[in-house]
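Participant: Please see the structure below; I have some questions.
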Amino acid sequence: MRTNIKKAALLIFVYLLIMIPFKVMEIIPGFTDIRPVTMLGPIYALFTGIPGIIIFALMNIVGDIISDSVRWSSIAGLIANFVGPYIVYHYWIKMKKTAPDLKTMKNIGVYSLVVFIAAAVQMAIITPAVAVIYPEVDSMLFALSVILNNTLFPIMFGIPLIILMKEELGYRMIDVISSERKGKRAAGAVPVTEKMERDI
Amino acid sequence: MNRLQANLCLLCVTLCWSSEVIIFSCIPDDVSAFATTCITSLIGSILLFFGFMKRIISELKRNRNGYIKAGLVLGILNLIYNLMYLIGLNKLDVSTGAFSISMTSVVLPVILLTMRQHVETKTIISAFLILVGIMLAVGTGAESGTSLGFAIMIAGCIIRAFYIVILNKSAREYDPVVLSALLSFIVGIIGFVSWFVSDSTTFASIRWTPTIIACLAIYSYFIVSFAQTLNIYAHKKTSAANATIIYSLEIVFSIIWGISMPSDIVTPVTLSTRIAIGVALIVFGNILVIFERTGRRAVDAN
């Protein structure tokens, strides 16, 4: 339990560390929505699974609160920021049953494609909500910024970070963690069975 | 990490470095380069220290002198070539400055050849393509009276080339995280001494605004902690010459920023046929190096 709390605290800390400075400053005048923090979506999904995805989605609302930009569309933002990383998680962990192996160009291409599809779905969730609630917002520009933020950062910075974490720093992806848990459960079941057999 | 992955990491590092100019555009001109170097390097080293405390302490206990020696050599070389760039750029116009900075990718293979070290034929071809590409994209544009500035820049490039060769060697010998943390710390201390000499009020001289703090924070974790550590890890699996070839993409990213960003952030660039051909040659030279092996061979190299 304590380990899980520590992990959650670490995920929240890293998210805030990357998000807050970009919320505070306006790097390009007139275009405030640069969100490198989106690179964490696939990383949280692949290294921590559903808990990480939930934290990622909730932190998006926290970011809106910090920057005083909580609107009705933030609900769509919350859903989209859950769904996007979940698509990445679902593709590898549920469908392919293994975490991405970014060792070849083909695999890197597949990862990039999945990230792009996830970004397109996120765009399809957020943009209509923003367009309905705020008709004055340029929907096309907004949709483009959602797609770019959720595709470019997870690819340009996310891929090297995944390589660094998995290959060099020894972090285990969720498929390995899950199989280890299953193995432990199975190992734990043996003595119980043996005990039952002895009892019989 | 295999060689393909290392090359992709170097690509990311180059992208991070090229975005320095965008981050720094939010910092007022009265904040000196020594101040930003000192603050960002020290914060970067603190972040790395707290992130990998056990690892750093145990590695330093194991081989403290080796790490300190490597960190000092790299830190001092880093200071020297950056100072030379600073002096040289003051004497040159923007395009000549950019051209001469990019020359490291050409200088390094030449240095390796003179040291009788093996350089792959593809790397030499890439270096040549990049040289032509840089000449087209940026132009030599050397005006009369700029030869001293150009000479200083080339000397800076030579020192940077040695820095990259030593970094490449150290990355294979030492733990990259520890080396990165130590290098940041040493660069931070050197930056502080230089800052103190030039302005004894140091931290009190800065008008701390949320924007400045945000800029320094972004620079600290993106460029120092993340990019520098990633760079050292990538050097473990690739050659110094290949790494330098990939660094040359910085000029391509700078041109992209110049075309797409507002003029108050970066020097504006108008896309012309000459620039487009130059950029294409640099990119092609890089493709030769980055994707030189097929996926299977890249996996085999792991």
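Following the order of the structure tokens, first chain is A, next is B, and so on, with residues numbered from 1 inside each chain and ligands from 1 in the order they appear.
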Up to 8 Å from chain B, what residues of chain A turn up? Count only C-alpha atoms and give them as a PyMOL selection string.
Facilitator: chain A and resi 18+20-22+24-25+27-28+102-106+156-157+160+163-164+167-168
Participant: Please provide the set of residues having any atom within 12 Å of Arg55 (chain B), restricted to only C-alpha atoms, with same-chain residues fewer than 2 positions apart removed, written as a ChimeraX atom specification.
Facilitator: /A:169 /B:48-53,57-62,175-179,181
Participant: Only all heavy atoms, please: the residues just picked out, written as a compact mmCIF listing (two decimals), in the first residue's frame.
Facilitator:
```txt
# COMPACT_ATOMS: atom_id res chain seq x y z
N LEU A 169 17.42 2.21 -17.54
CA LEU A 169 17.19 2.44 -16.10
C LEU A 169 16.47 1.27 -15.44
O LEU A 169 16.25 1.28 -14.23
CB LEU A 169 16.40 3.75 -15.90
CG LEU A 169 17.13 5.01 -16.40
CD1 LEU A 169 16.24 6.24 -16.25
CD2 LEU A 169 18.43 5.23 -15.65
N LEU B 48 18.81 15.26 -10.57
CA LEU B 48 19.40 13.94 -10.82
C LEU B 48 19.83 13.27 -9.52
O LEU B 48 19.66 12.07 -9.33
CB LEU B 48 20.60 14.07 -11.77
CG LEU B 48 20.26 14.32 -13.25
CD1 LEU B 48 21.51 14.68 -14.03
CD2 LEU B 48 19.60 13.09 -13.86
N PHE B 49 20.38 14.10 -8.61
CA PHE B 49 20.85 13.55 -7.34
C PHE B 49 19.69 12.95 -6.55
O PHE B 49 19.78 11.82 -6.05
CB PHE B 49 21.56 14.62 -6.52
CG PHE B 49 22.11 14.10 -5.23
CD1 PHE B 49 23.27 13.33 -5.21
CD2 PHE B 49 21.46 14.33 -4.03
CE1 PHE B 49 23.77 12.82 -4.02
CE2 PHE B 49 21.96 13.82 -2.83
CZ PHE B 49 23.12 13.06 -2.83
N PHE B 50 18.59 13.69 -6.45
CA PHE B 50 17.46 13.17 -5.67
C PHE B 50 16.77 12.00 -6.38
O PHE B 50 16.23 11.11 -5.74
CB PHE B 50 16.46 14.28 -5.33
CG PHE B 50 16.96 15.12 -4.19
CD1 PHE B 50 17.35 16.43 -4.38
CD2 PHE B 50 17.06 14.59 -2.91
CE1 PHE B 50 17.85 17.20 -3.33
CE2 PHE B 50 17.54 15.34 -1.86
CZ PHE B 50 17.94 16.65 -2.06
N GLY B 51 16.81 12.02 -7.72
CA GLY B 51 16.20 10.92 -8.46
C GLY B 51 16.99 9.62 -8.37
O GLY B 51 16.42 8.54 -8.41
N PHE B 52 18.31 9.74 -8.26
CA PHE B 52 19.16 8.54 -8.29
C PHE B 52 20.18 8.58 -7.15
O PHE B 52 21.35 8.25 -7.35
CB PHE B 52 19.89 8.46 -9.64
CG PHE B 52 18.97 8.42 -10.83
CD1 PHE B 52 18.60 9.59 -11.48
CD2 PHE B 52 18.45 7.21 -11.27
CE1 PHE B 52 17.74 9.57 -12.56
CE2 PHE B 52 17.58 7.18 -12.35
CZ PHE B 52 17.22 8.36 -13.00
N MET B 53 19.72 8.97 -5.97
CA MET B 53 20.62 9.21 -4.85
C MET B 53 21.48 7.97 -4.52
O MET B 53 22.70 8.07 -4.45
CB MET B 53 19.81 9.62 -3.64
CG MET B 53 20.64 10.25 -2.53
SD MET B 53 19.69 10.50 -1.03
CE MET B 53 18.46 11.67 -1.53
N ILE B 57 25.55 7.74 -4.95
CA ILE B 57 26.41 7.58 -3.77
C ILE B 57 27.26 6.30 -3.90
O ILE B 57 28.47 6.33 -3.67
CB ILE B 57 25.58 7.57 -2.47
CG1 ILE B 57 25.02 8.99 -2.23
CG2 ILE B 57 26.42 7.14 -1.26
CD1 ILE B 57 23.99 9.07 -1.12
N SER B 58 26.62 5.19 -4.31
CA SER B 58 27.38 3.94 -4.38
C SER B 58 28.44 3.99 -5.48
O SER B 58 29.55 3.48 -5.31
CB SER B 58 26.44 2.74 -4.57
OG SER B 58 25.97 2.70 -5.88
N GLU B 59 28.11 4.62 -6.59
CA GLU B 59 29.10 4.73 -7.68
C GLU B 59 30.27 5.63 -7.27
O GLU B 59 31.42 5.33 -7.58
CB GLU B 59 28.43 5.30 -8.94
CG GLU B 59 27.75 4.27 -9.81
CD GLU B 59 28.68 3.27 -10.44
OE1 GLU B 59 29.65 3.68 -11.09
OE2 GLU B 59 28.46 2.06 -10.28
N LEU B 60 29.95 6.71 -6.57
CA LEU B 60 31.02 7.62 -6.14
C LEU B 60 31.90 6.96 -5.09
O LEU B 60 33.11 7.21 -5.04
CB LEU B 60 30.44 8.93 -5.61
CG LEU B 60 29.90 9.90 -6.67
CD1 LEU B 60 29.30 11.13 -6.04
CD2 LEU B 60 30.99 10.31 -7.67
N LYS B 61 31.29 6.11 -4.26
CA LYS B 61 32.10 5.38 -3.27
C LYS B 61 33.05 4.41 -3.98
O LYS B 61 34.16 4.19 -3.55
CB LYS B 61 31.17 4.59 -2.34
CG LYS B 61 30.69 5.40 -1.14
CD LYS B 61 29.84 4.53 -0.24
CE LYS B 61 29.22 5.36 0.88
NZ LYS B 61 28.17 4.61 1.57
N ARG B 62 32.55 3.85 -5.08
CA ARG B 62 33.32 2.85 -5.81
C ARG B 62 34.50 3.47 -6.55
O ARG B 62 35.61 2.95 -6.52
CB ARG B 62 32.40 2.14 -6.81
CG ARG B 62 32.94 0.86 -7.41
CD ARG B 62 31.94 0.24 -8.36
NE ARG B 62 31.61 1.11 -9.48
CZ ARG B 62 32.37 1.25 -10.56
NH1 ARG B 62 33.49 0.61 -10.67
NH2 ARG B 62 31.99 2.07 -11.54
N ASP B 175 29.07 5.30 -15.17
CA ASP B 175 27.61 5.29 -15.15
C ASP B 175 27.10 6.64 -15.69
O ASP B 175 27.42 7.69 -15.11
CB ASP B 175 27.12 5.07 -13.71
CG ASP B 175 25.63 4.94 -13.63
OD1 ASP B 175 24.90 5.69 -14.31
OD2 ASP B 175 25.17 4.08 -12.87
N PRO B 176 26.30 6.62 -16.77
CA PRO B 176 25.88 7.89 -17.38
C PRO B 176 25.11 8.83 -16.44
O PRO B 176 25.29 10.04 -16.51
CB PRO B 176 24.99 7.44 -18.54
CG PRO B 176 25.49 6.09 -18.89
CD PRO B 176 25.90 5.46 -17.61
N VAL B 177 24.27 8.25 -15.57
CA VAL B 177 23.50 9.11 -14.66
C VAL B 177 24.43 9.86 -13.71
O VAL B 177 24.31 11.08 -13.51
CB VAL B 177 22.47 8.27 -13.85
CG1 VAL B 177 21.82 9.12 -12.79
CG2 VAL B 177 21.42 7.69 -14.77
N VAL B 178 25.39 9.12 -13.16
CA VAL B 178 26.33 9.72 -12.20
C VAL B 178 27.19 10.76 -12.91
O VAL B 178 27.40 11.87 -12.40
CB VAL B 178 27.21 8.63 -11.55
CG1 VAL B 178 28.10 9.23 -10.48
CG2 VAL B 178 26.34 7.53 -10.96
N LEU B 179 27.64 10.39 -14.11
CA LEU B 179 28.48 11.31 -14.88
C LEU B 179 27.71 12.59 -15.22
O LEU B 179 28.24 13.70 -15.10
CB LEU B 179 28.94 10.62 -16.17
CG LEU B 179 30.05 11.30 -16.95
CD1 LEU B 179 31.31 11.43 -16.13
CD2 LEU B 179 30.35 10.55 -18.24
N ALA B 181 25.09 13.86 -13.57
CA ALA B 181 24.86 14.64 -12.35
C ALA B 181 26.13 15.40 -11.96
O ALA B 181 26.08 16.60 -11.62
CB ALA B 181 24.42 13.72 -11.22
```
Participant: Between A:Ile117, A:Gln122, A:Lys96, A:Tyr111, which is the closest to Asn81 (chain A) once you count only C-alpha atoms?
Facilitator: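 Selected residue with least distance to Asn81 (chain A): A:Gln122.
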Participant: At a cut-off of 9 Å, using only C-alpha atoms, what residues contact Ser67 (chain A)? Leave out same-chain residues fewer than 2 positions from it and give the result as a list in words.
Facilitator: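 With the cut-off at 9 Å, the set is Ile20, Lys23, Val24, Val62, Gly63, Asp64, Ile65, Ser69 and Val70 of chain A.
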Participant: May I ask which of the residues B:Phe192, B:Phe99, B:Tyr219, B:Trp17 is the closest one to Ile154 (chain B), counting only C-alpha atoms?
Facilitator: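 The closest residue to Ile154 (chain B) is B:Phe99.
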Participant: Could you please determine the separation between CA of Ile87 (chain A) and CA of Ser73 (chain A) in Å, to one decimal place?
Facilitator: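 Separating CA of Ile87 (chain A) from CA of Ser73 (chain A) is a distance of 20.9 Å.
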Participant: So the first atom is CA of Trp208 (chain B) and the second is CA of Ser194 (chain B); what is the distance between them in Å, to one decimal place?
Facilitator: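 Rounded to one decimal, the two atoms are 20.3 Å apart.
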Participant: Contacts of Val132 (chain A) at 12 Å or less, counting only C-alpha atoms, minus same-chain residues fewer than 5 places along, as JSON, numbers by chain?
Facilitator: {"A": [72, 73, 76, 125, 126, 127, 137, 138, 139]}
Participant: Could you list, as a VMD selection string, every residue within 10 Å of Ile251 (chain B), counting only C-alpha atoms and ignoring same-chain residues fewer than 3 positions away?
Facilitator: chain B and resid 14 to 15 18 98 to 99 101 to 102 134 137 to 138 247 to 248 254 to 257 279 282
Participant: Can you write out the residues you just picked, keeping N, CA and C atoms, as a CSV table (one decimal), in the first residue's frame?
Facilitator:
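Once everything was written out, this is result-v8.csv:
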```csv
chain,number,residue,atom,x,y,z
B,14,THR,N,19.2,16.6,-29.8
B,14,THR,CA,19.5,17.7,-30.7
B,14,THR,C,18.3,18.6,-30.7
B,15,LEU,N,17.1,18.0,-30.8
B,15,LEU,CA,15.8,18.8,-30.8
B,15,LEU,C,15.7,19.7,-29.5
B,18,SER,N,18.2,22.5,-29.7
B,18,SER,CA,17.8,23.6,-30.7
B,18,SER,C,16.6,24.4,-30.1
B,98,ALA,N,26.4,30.8,-37.2
B,98,ALA,CA,25.7,29.5,-37.3
B,98,ALA,C,26.5,28.5,-38.1
B,99,PHE,N,27.1,29.0,-39.2
B,99,PHE,CA,27.9,28.1,-40.1
B,99,PHE,C,29.0,27.6,-39.3
B,101,ILE,N,29.6,27.3,-36.1
B,101,ILE,CA,29.2,26.4,-35.0
B,101,ILE,C,28.9,25.0,-35.5
B,102,SER,N,28.3,24.9,-36.6
B,102,SER,CA,27.9,23.6,-37.2
B,102,SER,C,29.1,22.8,-37.7
B,134,ILE,N,25.3,22.6,-45.1
B,134,ILE,CA,25.4,23.8,-44.2
B,134,ILE,C,25.8,25.0,-45.0
B,137,ALA,N,22.7,26.1,-46.8
B,137,ALA,CA,21.6,26.5,-45.9
B,137,ALA,C,21.9,27.8,-45.2
B,138,VAL,N,23.1,27.8,-44.7
B,138,VAL,CA,23.5,29.0,-43.8
B,138,VAL,C,24.4,30.0,-44.6
B,247,TYR,N,24.2,15.7,-34.4
B,247,TYR,CA,24.1,17.1,-33.8
B,247,TYR,C,23.9,18.1,-34.9
B,248,SER,N,24.4,17.8,-36.1
B,248,SER,CA,24.3,18.8,-37.1
B,248,SER,C,22.9,19.2,-37.5
B,254,SER,N,16.8,24.7,-36.2
B,254,SER,CA,16.9,26.1,-36.0
B,254,SER,C,16.2,26.8,-37.2
B,255,ILE,N,16.4,26.3,-38.4
B,255,ILE,CA,15.8,26.9,-39.6
B,255,ILE,C,14.3,26.7,-39.5
B,256,ILE,N,13.8,25.5,-39.0
B,256,ILE,CA,12.4,25.3,-38.9
B,256,ILE,C,11.8,26.3,-37.9
B,257,TRP,N,12.5,26.5,-36.8
B,257,TRP,CA,12.0,27.5,-35.8
B,257,TRP,C,12.0,28.9,-36.4
B,279,VAL,N,19.1,22.1,-46.5
B,279,VAL,CA,18.5,21.3,-45.4
B,279,VAL,C,18.3,19.8,-45.9
B,282,ILE,N,21.6,18.0,-45.5
B,282,ILE,CA,21.9,17.7,-44.1
B,282,ILE,C,21.1,16.5,-43.6
```
